[in-house]
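These notes are about the structure you will find just below.
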Amino acid sequence: MTSLLKNKNLSYISPVWPQFTGLEIEYGKGIYLYDIDGKKYLDFTSGIGVTNTGHCHDRVVRTIQNQAERLIHGQSTVIYNQPMLKLASKINEITPPQLNCSFFTNSGSEAVESAIKLARHATNKTNIICFQGGYHGRSIGAMSVTTAKSIYRNKYQPLMAGVSVSPFPYSYRYQQEEDSLEDWCIKELEYLLKTQSSPDETAAMILEPVLGEGGYVVPPKKFLQRIRDICDHYGILLIFDEVQSGFGRTGEFFAFEHFDVQPDILVVAKGLASGLPLSGIVSSRELMEEWIPGSHGGTYGPNPVAASAAIETIKIIEEEKLVENSASLGRVLLKSLYKLKNEYPFIGEVRGLGLMVGCEFSSHHPSSSKIAEEVRKKCLEQGLILLTCGSDNQVIRWIPPLTLDENSLERALKIFENALIKVEEIIHEL
Ligand SMILES: Cc1ncc(COP(=O)(O)O)c(C=O)c1O
């Protein structure tokens with residue numbers, strides 16, 4: 001196939017998008033992407049946590065085709081489109097009883113904006129507390145609660161007012177024991193409520209139950225439980241952003257299930273619709289009734305084609321037991337990476353839940369981000385696509401499609417180990 005990267009095609013595309021692989025992909029199927037020369041790549045990025053059912057799952061493709069023949073757009077304040085009605089009730093089936101009312105929009109950022117707006121309306125309060133290292137998107141409101149990397153904020157500030165940032169128990173970064181760090185973080189949060197954002201002005205706290213872009217960090221269970229208690233005590237809403245961690249990614253349908261803590265508002269996107277742009281927030285009906293009709297909305301959400309893809313996606317996750325697969329292959333992945341950590345001392349920490357696993361390169365090494373980048377590139381040369389995350393891109397993240405099988409995981413691990421061997425040889429040059 002002829003490459004479109006030559007000529008002037010690229011100059012017509014904004015350079016604001018960085019490019020990590022340079023691959024020109026013709027098509028994708030399952031866990032593979034195929035470039036224009038027919039070379040196949042194991043896609044362990046899932047398009048950043050989107051294609052949990054694999055690329056172009058047959059059932060998703062058929063559903064999209066069928067729905068496209070029936071209704072492509074049905075604006076939700078003009079008509080009720082049927083996929084939207086069905087999707088809302090399907091989501092009701094997979095969420096706890098009090099999360100029984102959905103609002104849909106298109107992207108993760110828009111869903112975060114929606115959660116913030118709902119929280120402000122429902123509480124008549126203005127302030128939002130977010131947590132260090134969190135990523136919630138790049139529209140102004142979502143960016144204002146994002147602290148994963150300063151590049152997301154630089155030259156856009158000042159951002160939305162009324163936001164305070166509380167520490168997140170990232171024990172490898174702070175080089176502190178989990179228990180004492182968790183306790184310190186909660187004390188800092190309580191201090192913040194006394195010194196910066198008083199409870200009677202604080203509408204909500206927003207966080208990712210498992211930190212995503214910030215480094216794939218799993219907090220102690222007690223941390224989320226104590227945040228829940230503080231929110232209940234002061235009448236502050238708790239928003240969980242599960243844009244990246246939802247839909248089976250962590251080995252439960254939603255990551256909050258690992259912690260026995262439920263949010264007042266759940267933010268979903270990415271894995272929801274297997275690649276079609278769709279996102280939403282889910283809360284109690286009671287809370288949604290505080291949202292003044294017409295004060296929020298949009299032209300597209302939920303698009304009927306995307307909504308029908310989402311219904312099929314959820315059914316596939318259930319019927320193909322992808323949550324269970326994520327949990328069991330996640331254990332295999334963690335075990336293998338722990339083993340590699342023992343053999344390669346420049347790996348600092350391995351952590352994760354299900355198929356949301358991070359491998360952080362040692363903070364004792366001055367160029368942990370260069371190591372991560374070299375490993376990533378050497379994997380790519382061998383046909384494995386991985387991404388990095390963390391404030392310095394010092395973490396390799398593993399987010400393969402949940403349709404992954406054990407043999408392919410083993411192949412990816414072998415490639416990863418080869419890359420570690422090659423990087424070890426040149427580590428003094430980095
Ligand atoms: C946890 C989380 N929230 C929000 C977003 C923003 O989603 P989008 O890029 O669809 O706007 C992302 C995207 O990576 C995310 O990981």
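Chain labels A, B, ... are given in the sequence in which chains occur in the structure tokens; within each chain residues are numbered consecutively from 1, and ligands are likewise numbered from 1 in the order shown.
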
Please build the interface table for chain A against ligand 1 with a cut-off of 8 Å, listing for each qualifying residue the nearest atom pair and the distance in Å to one decimal; count only C-alpha atoms and all ligand atoms, order rows by chain and increasing number, and write it as CSV.
```
residue,atom,partner,partner_atom_place_in_ligand_line,distance
A:Ile48,CA,ligand 1,14 (O),6.8
A:Gly49,CA,ligand 1,14 (O),7.9
A:Asn106,CA,ligand 1,10 (O),7.5
A:Ser107,CA,ligand 1,10 (O),3.9
A:Gly108,CA,ligand 1,7 (O),3.2
A:Ser109,CA,ligand 1,11 (O),3.6
A:Glu110,CA,ligand 1,11 (O),6.4
A:Ala111,CA,ligand 1,4 (C),7.8
A:Val112,CA,ligand 1,4 (C),6.7
A:Gly134,CA,ligand 1,1 (C),7.4
A:Tyr135,CA,ligand 1,2 (C),5.4
A:His136,CA,ligand 1,3 (N),3.7
A:Gly137,CA,ligand 1,6 (C),3.7
A:Arg138,CA,ligand 1,11 (O),6.5
A:Ser139,CA,ligand 1,11 (O),7.6
A:Ala142,CA,ligand 1,4 (C),7.6
A:Glu208,CA,ligand 1,1 (C),6.0
A:Leu211,CA,ligand 1,1 (C),7.4
A:Gly212,CA,ligand 1,16 (O),5.8
A:Glu213,CA,ligand 1,16 (O),6.1
A:Asp241,CA,ligand 1,1 (C),5.5
A:Glu242,CA,ligand 1,1 (C),5.8
A:Val243,CA,ligand 1,1 (C),4.6
A:Gln244,CA,ligand 1,16 (O),4.5
A:Ser245,CA,ligand 1,1 (C),7.1
A:Val267,CA,ligand 1,3 (N),7.9
A:Ala269,CA,ligand 1,10 (O),6.6
A:Lys270,CA,ligand 1,10 (O),6.5
A:Pro277,CA,ligand 1,10 (O),7.8
A:Ser279,CA,ligand 1,10 (O),7.7
```

Sorted by chain and rising residue number, list the residues of range 309-330 of chain A at most 6 Å from range 344-360 of chain A (counting only C-alpha atoms), each with its closest atom pair and distance in Å to one decimal, as CSV.
```
residue,atom,partner,partner_atom,distance
A:Ser326,CA,A:Gly354,CA,5.0
A:Ala327,CA,A:Gly354,CA,4.4
A:Gly330,CA,A:Gly354,CA,4.1
```

Now that the selection is made, can you save its residues with N, CA and C atoms as a compact mmCIF listing (two decimals), in the first residue's frame?
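New file selection_12.txt:
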```
# COMPACT_ATOMS: atom_id res chain seq x y z
N SER A 326 -8.70 -10.63 32.33
CA SER A 326 -7.83 -9.53 32.75
C SER A 326 -7.22 -9.84 34.11
N ALA A 327 -8.04 -10.37 35.02
CA ALA A 327 -7.53 -10.68 36.37
C ALA A 327 -6.47 -11.79 36.29
N GLY A 330 -3.40 -10.77 34.23
CA GLY A 330 -2.73 -9.72 35.00
C GLY A 330 -1.81 -10.33 36.05
```

(message) Which residue is closest to Glu188 in chain A? Choose from A:Gly298, A:Ser166, A:Lys335, A:Tyr12 and count only C-alpha atoms.
(response) A:Ser166

(request) List the neighbours of range 76-88 of chain A out to 9 Å using only C-alpha atoms; skip same-chain residues closer than 3 positions along the sequence, and give me the result as an MDAnalysis selection string. (result) chainID A and resid 67 71 73 91:93 100:104 294 297:311

(request) Could you give me, as a PyMOL selection string, the residues within 7 Å of range 377-394 of chain A, counting only C-alpha atoms and dropping anything in the same chain fewer than 6 positions from it? (result) chain A and resi 40-45+148-149+213-215+360-361+368-369+412+415-416+419

Residues near range 257-259 of chain A, cut-off 12 Å, only C-alpha atoms, skip fewer than 5 positions along chain, as an mmCIF file with C-alpha atoms, in the first residue's frame:
```cif
data_model
loop_
_atom_site.group_PDB
_atom_site.id
_atom_site.type_symbol
_atom_site.label_atom_id
_atom_site.label_comp_id
_atom_site.auth_asym_id
_atom_site.auth_seq_id
_atom_site.Cartn_x
_atom_site.Cartn_y
_atom_site.Cartn_z
ATOM 1 C CA ILE A 94 -23.346 -3.368 35.750
ATOM 2 C CA THR A 95 -23.108 -0.595 38.371
ATOM 3 C CA PRO A 96 -24.099 -0.623 42.068
ATOM 4 C CA PRO A 209 -8.902 4.858 41.877
ATOM 5 C CA VAL A 210 -5.748 3.672 40.095
ATOM 6 C CA VAL A 218 -2.460 1.559 43.044
ATOM 7 C CA PRO A 219 -3.273 3.293 46.350
ATOM 8 C CA PRO A 220 -3.832 1.343 49.571
ATOM 9 C CA LYS A 221 -7.469 0.300 50.056
ATOM 10 C CA LYS A 222 -7.650 2.323 53.276
ATOM 11 C CA PHE A 223 -6.786 5.536 51.428
ATOM 12 C CA LEU A 224 -9.907 5.459 49.259
ATOM 13 C CA GLN A 225 -12.033 4.285 52.189
ATOM 14 C CA ARG A 226 -10.865 7.183 54.360
ATOM 15 C CA ILE A 227 -11.541 9.652 51.536
ATOM 16 C CA ARG A 228 -15.058 8.221 51.276
ATOM 17 C CA PHE A 240 -14.127 8.453 40.567
ATOM 18 C CA GLU A 242 -12.569 5.430 35.652
ATOM 19 C CA SER A 245 -9.432 1.890 34.662
ATOM 20 C CA GLY A 246 -13.008 0.889 33.783
ATOM 21 C CA PHE A 247 -14.570 -1.909 31.751
ATOM 22 C CA GLY A 248 -12.530 -4.814 33.038
ATOM 23 C CA ARG A 249 -9.139 -3.195 32.759
ATOM 24 C CA THR A 250 -8.108 -3.880 36.387
ATOM 25 C CA GLY A 251 -9.609 -7.355 36.692
ATOM 26 C CA GLU A 252 -12.920 -6.061 38.053
ATOM 27 C CA ALA A 327 -7.526 -10.684 36.365
ATOM 28 C CA GLY A 352 -0.757 -2.872 38.989
ATOM 29 C CA LEU A 353 -4.139 -4.535 38.983
ATOM 30 C CA GLY A 354 -5.424 -6.825 36.227
#
```

(request) Can you list, as a ChimeraX atom specification, all residues belonging to range 14-125 of chain A that DSSP tags as helix (DSSP H, G or I)? (result) /A:46-49,58-70,82-94,108-123

(message) Using DSSP assignments from the backbone, pull out every residue in range 175-259 of chain A that falls under strand (DSSP E) and give it to me as a PyMOL selection string.
(response) chain A and resi 202-207+237-241

Could you write out the selected residues, including all heavy atoms, as a PDB file, in the first residue's frame?
```pdb
ATOM      1  N   THR A 202     -16.539  23.141  49.367  1.00  0.00           N
ATOM      2  CA  THR A 202     -16.011  22.068  48.520  1.00  0.00           C
ATOM      3  C   THR A 202     -17.146  21.195  47.970  1.00  0.00           C
ATOM      4  O   THR A 202     -17.838  20.511  48.730  1.00  0.00           O
ATOM      5  CB  THR A 202     -14.993  21.208  49.311  1.00  0.00           C
ATOM      6  OG1 THR A 202     -13.993  22.099  49.838  1.00  0.00           O
ATOM      7  CG2 THR A 202     -14.349  20.164  48.425  1.00  0.00           C
ATOM      8  N   ALA A 203     -17.311  21.237  46.672  1.00  0.00           N
ATOM      9  CA  ALA A 203     -18.377  20.466  46.029  1.00  0.00           C
ATOM     10  C   ALA A 203     -17.998  18.996  45.926  1.00  0.00           C
ATOM     11  O   ALA A 203     -18.823  18.111  46.178  1.00  0.00           O
ATOM     12  CB  ALA A 203     -18.639  21.033  44.627  1.00  0.00           C
ATOM     13  N   ALA A 204     -16.741  18.732  45.527  1.00  0.00           N
ATOM     14  CA  ALA A 204     -16.378  17.342  45.229  1.00  0.00           C
ATOM     15  C   ALA A 204     -14.889  17.110  45.332  1.00  0.00           C
ATOM     16  O   ALA A 204     -14.088  18.045  45.266  1.00  0.00           O
ATOM     17  CB  ALA A 204     -16.845  16.988  43.807  1.00  0.00           C
ATOM     18  N   MET A 205     -14.552  15.846  45.512  1.00  0.00           N
ATOM     19  CA  MET A 205     -13.164  15.397  45.333  1.00  0.00           C
ATOM     20  C   MET A 205     -13.175  14.502  44.109  1.00  0.00           C
ATOM     21  O   MET A 205     -14.097  13.702  43.936  1.00  0.00           O
ATOM     22  CB  MET A 205     -12.697  14.584  46.539  1.00  0.00           C
ATOM     23  CG  MET A 205     -12.709  15.395  47.814  1.00  0.00           C
ATOM     24  SD  MET A 205     -11.839  14.544  49.134  1.00  0.00           S
ATOM     25  CE  MET A 205     -12.356  15.553  50.527  1.00  0.00           C
ATOM     26  N   ILE A 206     -12.156  14.648  43.276  1.00  0.00           N
ATOM     27  CA  ILE A 206     -12.082  13.804  42.077  1.00  0.00           C
ATOM     28  C   ILE A 206     -10.754  13.066  42.072  1.00  0.00           C
ATOM     29  O   ILE A 206      -9.702  13.650  42.335  1.00  0.00           O
ATOM     30  CB  ILE A 206     -12.274  14.622  40.772  1.00  0.00           C
ATOM     31  CG1 ILE A 206     -12.243  13.682  39.551  1.00  0.00           C
ATOM     32  CG2 ILE A 206     -11.243  15.743  40.614  1.00  0.00           C
ATOM     33  CD1 ILE A 206     -12.742  14.322  38.258  1.00  0.00           C
ATOM     34  N   LEU A 207     -10.807  11.768  41.801  1.00  0.00           N
ATOM     35  CA  LEU A 207      -9.560  11.025  41.640  1.00  0.00           C
ATOM     36  C   LEU A 207      -9.771   9.757  40.835  1.00  0.00           C
ATOM     37  O   LEU A 207     -10.902   9.290  40.665  1.00  0.00           O
ATOM     38  CB  LEU A 207      -8.889  10.721  42.975  1.00  0.00           C
ATOM     39  CG  LEU A 207      -9.422   9.638  43.889  1.00  0.00           C
ATOM     40  CD1 LEU A 207      -8.339   9.264  44.907  1.00  0.00           C
ATOM     41  CD2 LEU A 207     -10.638  10.122  44.644  1.00  0.00           C
ATOM     42  N   LEU A 237     -19.111  15.504  47.533  1.00  0.00           N
ATOM     43  CA  LEU A 237     -19.315  14.388  46.594  1.00  0.00           C
ATOM     44  C   LEU A 237     -17.976  13.768  46.212  1.00  0.00           C
ATOM     45  O   LEU A 237     -16.964  14.460  46.108  1.00  0.00           O
ATOM     46  CB  LEU A 237     -20.037  14.877  45.329  1.00  0.00           C
ATOM     47  CG  LEU A 237     -21.467  15.388  45.541  1.00  0.00           C
ATOM     48  CD1 LEU A 237     -22.017  15.987  44.234  1.00  0.00           C
ATOM     49  CD2 LEU A 237     -22.393  14.275  46.030  1.00  0.00           C
ATOM     50  N   LEU A 238     -18.019  12.464  45.972  1.00  0.00           N
ATOM     51  CA  LEU A 238     -16.807  11.759  45.561  1.00  0.00           C
ATOM     52  C   LEU A 238     -16.955  11.329  44.096  1.00  0.00           C
ATOM     53  O   LEU A 238     -17.908  10.622  43.746  1.00  0.00           O
ATOM     54  CB  LEU A 238     -16.587  10.535  46.462  1.00  0.00           C
ATOM     55  CG  LEU A 238     -15.353   9.684  46.165  1.00  0.00           C
ATOM     56  CD1 LEU A 238     -14.064  10.512  46.225  1.00  0.00           C
ATOM     57  CD2 LEU A 238     -15.260   8.509  47.160  1.00  0.00           C
ATOM     58  N   ILE A 239     -16.028  11.814  43.274  1.00  0.00           N
ATOM     59  CA  ILE A 239     -16.053  11.464  41.848  1.00  0.00           C
ATOM     60  C   ILE A 239     -14.898  10.508  41.573  1.00  0.00           C
ATOM     61  O   ILE A 239     -13.742  10.831  41.866  1.00  0.00           O
ATOM     62  CB  ILE A 239     -15.864  12.721  40.958  1.00  0.00           C
ATOM     63  CG1 ILE A 239     -16.922  13.789  41.275  1.00  0.00           C
ATOM     64  CG2 ILE A 239     -15.898  12.341  39.477  1.00  0.00           C
ATOM     65  CD1 ILE A 239     -16.652  15.149  40.601  1.00  0.00           C
ATOM     66  N   PHE A 240     -15.192   9.345  41.018  1.00  0.00           N
ATOM     67  CA  PHE A 240     -14.127   8.453  40.567  1.00  0.00           C
ATOM     68  C   PHE A 240     -14.037   8.551  39.051  1.00  0.00           C
ATOM     69  O   PHE A 240     -15.023   8.315  38.340  1.00  0.00           O
ATOM     70  CB  PHE A 240     -14.406   6.995  40.961  1.00  0.00           C
ATOM     71  CG  PHE A 240     -14.038   6.661  42.382  1.00  0.00           C
ATOM     72  CD1 PHE A 240     -14.509   5.493  42.967  1.00  0.00           C
ATOM     73  CD2 PHE A 240     -13.214   7.491  43.136  1.00  0.00           C
ATOM     74  CE1 PHE A 240     -14.177   5.170  44.274  1.00  0.00           C
ATOM     75  CE2 PHE A 240     -12.870   7.173  44.444  1.00  0.00           C
ATOM     76  CZ  PHE A 240     -13.362   6.008  45.016  1.00  0.00           C
ATOM     77  N   ASP A 241     -12.857   8.895  38.578  1.00  0.00           N
ATOM     78  CA  ASP A 241     -12.612   8.934  37.142  1.00  0.00           C
ATOM     79  C   ASP A 241     -12.075   7.566  36.725  1.00  0.00           C
ATOM     80  O   ASP A 241     -10.916   7.236  36.967  1.00  0.00           O
ATOM     81  CB  ASP A 241     -11.599  10.047  36.832  1.00  0.00           C
ATOM     82  CG  ASP A 241     -11.257  10.126  35.351  1.00  0.00           C
ATOM     83  OD1 ASP A 241     -11.556   9.164  34.619  1.00  0.00           O
ATOM     84  OD2 ASP A 241     -10.671  11.149  34.935  1.00  0.00           O
TER      85      ASP A 241
END
```

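Using only C-alpha atoms, the residues found no farther than 8 Å from Glu312 in chain A, other than those of its own chain fewer than 6 positions away, are A:Arg59, A:Val60, A:Thr63.
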
(message) At a cut-off of 12 Å, using only C-alpha atoms, what residues contact Gln196 in chain A? Leave out same-chain residues fewer than 3 positions from it and give the result as a count of residues only.
(response) 18
